[in-house]
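Undergrad: Quick one: the structure is below, questions incoming.
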Amino acid sequence: MTFSVDVTVRGYELDTQGHLNQAVYLQYAEHARWELLRAAGLPQEKLLAGGIGPVQLEVTVRYRRELRGGERVRVTCRFDYGTGKTFTLEQQILKEDGTVAAEITGVAGVLDLTERRLVADPGAAWRRWRATRIC
């Protein structure tokens with residue numbers, strides 16, 4: 001399943017050329033990931049109370065088209081689970097006309113905040129903590 005959230009590019013997020021600052025693409029991607037977890041019943045407070053949290057291990061951004069102030073974009077997010085301690089993230093930042101402005105890929109995991117180690121099965125960890133009634 002691919003999740004998405006809409007964002008409007010704000011003037012203070014622009015660089016000296018009037019383009020969206022490169023670091024802000026990562027902030028938009030992070031925002032979409034947290035919104036996906038929240039929509040799935042896993043807000044940050046619940047995860048922290050449960051002793052787990054997402055951790056980004058690797059990220060690659062491919063900038064495809066410039067973004068300027070006032071443009072509305074859609075930020076997509078999909079978690080793809082395999083059979084290990086990590087999973088892949090696939091994200092896009094899309095202009096209103098569907099043009100891909102950026103592609104963000106990464107590797108992530110779920111960190112046990114007490115042990116400071118990745119949990120063995122991140123998909124199962126999300127499901128287990130979502131089922132709890134911590135908050």
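Naming works like this for the structure tokens: A, B, ... for the chains as they're shown, residue 1 at the start of each chain, ligands 1 onward in shown order.
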Please identify all polymer residues within 12 Å of Val24 (chain A), counting only C-alpha atoms, omitting same-chain residues fewer than 2 positions from it, and present them as a PyMOL selection string.

TA: chain A and resi 7-15+19-22+26-31+61+63+67-68+93+102

Undergrad: Which residues are close to Ile104 (chain A), i.e. within 7 Å by only C-alpha atoms, leaving aside same-chain residues fewer than 5 positions away? Reply as a VMD selection string.

TA: chain A and resid 59 to 62 90 to 92

Undergrad: Identify, on the basis of only C-alpha atoms, every residue whose closest approach to region 35-43 of chain A does not exceed 12 Å; exclude the query and any residue fewer than 3 positions from it along the same chain; express the result as a PyMOL selection string.

TA: chain A and resi 1-7+28-32+46-50+52-54+75-79+89+91+123+125-135

Undergrad: Within 8 Å of Tyr81 (chain A), counting only C-alpha atoms, which residues qualify if same-chain residues fewer than 6 places away don't, as a list in words?

TA: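 Those residues are Phe87, Thr88, Pro122 and Gly123 of chain A.
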
Undergrad: Between CA of Thr86 (chain A) and CA of Asp121 (chain A), what is the spacing in Å?

TA: 7.8 Å

Undergrad: As a PyMOL selection string, please: every residue in region 3-135 of chain A that DSSP puts in alpha helix (DSSP H).

TA: chain A and resi 22-39+44-50+122-131

Undergrad: Just the residues within 6 Å of Ala101 (chain A), please, counting only C-alpha atoms, with nothing from its chain fewer than 2 positions along; format it as a list of chain:residue names.

TA: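 Near Ala101 (chain A), the qualifying residues are A:Arg64, A:Arg65, A:Ile93, A:Leu94.
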
Undergrad: Selected residues, all heavy atoms, written as a JSON list (two decimals), in the first residue's frame, please.

TA:
```json
[["chain", "number", "residue", "atom", "x", "y", "z"],
["A", 64, "ARG", "N", 14.67, 15.28, -9.43],
["A", 64, "ARG", "CA", 14.25, 15.19, -10.83],
["A", 64, "ARG", "C", 13.79, 16.54, -11.41],
["A", 64, "ARG", "O", 14.10, 16.85, -12.54],
["A", 64, "ARG", "CB", 13.12, 14.17, -10.98],
["A", 64, "ARG", "CG", 13.48, 12.77, -10.53],
["A", 64, "ARG", "CD", 14.57, 12.19, -11.38],
["A", 64, "ARG", "NE", 14.79, 10.79, -11.05],
["A", 64, "ARG", "CZ", 15.88, 10.13, -11.37],
["A", 64, "ARG", "NH1", 16.84, 10.74, -12.04],
["A", 64, "ARG", "NH2", 16.01, 8.89, -11.02],
["A", 65, "ARG", "N", 13.03, 17.30, -10.64],
["A", 65, "ARG", "CA", 12.52, 18.60, -11.10],
["A", 65, "ARG", "C", 12.54, 19.57, -9.94],
["A", 65, "ARG", "O", 12.34, 19.19, -8.80],
["A", 65, "ARG", "CB", 11.07, 18.49, -11.62],
["A", 65, "ARG", "CG", 10.90, 17.63, -12.85],
["A", 65, "ARG", "CD", 11.47, 18.33, -14.08],
["A", 65, "ARG", "NE", 11.24, 17.58, -15.29],
["A", 65, "ARG", "CZ", 12.03, 16.63, -15.77],
["A", 65, "ARG", "NH1", 13.13, 16.30, -15.14],
["A", 65, "ARG", "NH2", 11.73, 16.02, -16.89],
["A", 93, "ILE", "N", 8.15, 12.54, -4.39],
["A", 93, "ILE", "CA", 7.54, 13.85, -4.22],
["A", 93, "ILE", "C", 7.04, 14.24, -5.60],
["A", 93, "ILE", "O", 7.82, 14.33, -6.56],
["A", 93, "ILE", "CB", 8.53, 14.89, -3.66],
["A", 93, "ILE", "CG1", 9.00, 14.43, -2.27],
["A", 93, "ILE", "CG2", 7.88, 16.27, -3.61],
["A", 93, "ILE", "CD1", 10.03, 15.33, -1.63],
["A", 94, "LEU", "N", 5.71, 14.38, -5.70],
["A", 94, "LEU", "CA", 5.06, 14.60, -6.99],
["A", 94, "LEU", "C", 4.47, 15.99, -7.07],
["A", 94, "LEU", "O", 3.81, 16.45, -6.13],
["A", 94, "LEU", "CB", 3.93, 13.57, -7.18],
["A", 94, "LEU", "CG", 4.33, 12.10, -7.07],
["A", 94, "LEU", "CD1", 3.10, 11.24, -6.90],
["A", 94, "LEU", "CD2", 5.13, 11.70, -8.29]]
```

Undergrad: I need the residues in region 12-112 of chain A that are strand (DSSP E) according to DSSP; give them as number ranges by chain.

TA: A: 52-63, 72-81, 86-95, 100-112

Undergrad: Selection from above, C-alpha atoms, as a tab-separated table (two decimals), in the first residue's frame, can you write it?

TA:
```tsv
chain	number	residue	atom	x	y	z
A	52	ILE	CA	10.48	1.12	19.98
A	53	GLY	CA	11.11	3.62	17.25
A	54	PRO	CA	11.85	3.75	13.54
A	55	VAL	CA	15.43	4.30	12.50
A	56	GLN	CA	16.67	5.36	9.08
A	57	LEU	CA	19.85	3.47	8.12
A	58	GLU	CA	20.36	4.66	4.56
A	59	VAL	CA	18.76	7.23	2.27
A	60	THR	CA	19.20	8.22	-1.36
A	61	VAL	CA	17.53	11.24	-2.94
A	62	ARG	CA	17.26	11.65	-6.69
A	63	TYR	CA	16.25	15.20	-7.58
A	72	ARG	CA	1.57	21.94	-3.78
A	73	VAL	CA	3.17	18.53	-3.77
A	74	ARG	CA	2.14	15.02	-2.82
A	75	VAL	CA	4.65	12.98	-0.84
A	76	THR	CA	4.17	9.23	-1.12
A	77	CYS	CA	5.51	6.54	1.15
A	78	ARG	CA	5.61	2.76	0.98
A	79	PHE	CA	7.31	0.29	3.34
A	80	ASP	CA	8.46	-2.95	1.68
A	81	TYR	CA	9.27	-5.76	4.10
A	86	THR	CA	15.44	-4.05	7.86
A	87	PHE	CA	12.89	-2.94	5.30
A	88	THR	CA	13.02	-0.64	2.31
A	89	LEU	CA	11.29	2.69	1.88
A	90	GLU	CA	10.08	3.96	-1.47
A	91	GLN	CA	8.97	7.58	-1.63
A	92	GLN	CA	8.22	10.15	-4.29
A	93	ILE	CA	7.54	13.85	-4.22
A	94	LEU	CA	5.06	14.60	-6.99
A	95	LYS	CA	4.03	17.93	-8.48
A	100	VAL	CA	8.16	13.40	-10.21
A	101	ALA	CA	10.16	16.11	-8.44
A	102	ALA	CA	12.19	13.66	-6.33
A	103	GLU	CA	12.59	9.98	-5.59
A	104	ILE	CA	13.68	8.96	-2.13
A	105	THR	CA	14.70	5.40	-1.33
A	106	GLY	CA	16.07	4.06	1.87
A	107	VAL	CA	16.67	1.26	4.29
A	108	ALA	CA	15.12	1.41	7.75
A	109	GLY	CA	14.47	-0.70	10.79
A	110	VAL	CA	12.67	-0.69	14.12
A	111	LEU	CA	14.94	0.02	17.06
A	112	ASP	CA	14.37	-1.47	20.50
```

Undergrad: Mind pulling up the distance from CA of Glu45 (chain A) to CA of Arg116 (chain A)?

TA: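 Answer for the CA of Arg116 (chain A) to CA of Glu45 (chain A) separation: 18.0 Å.
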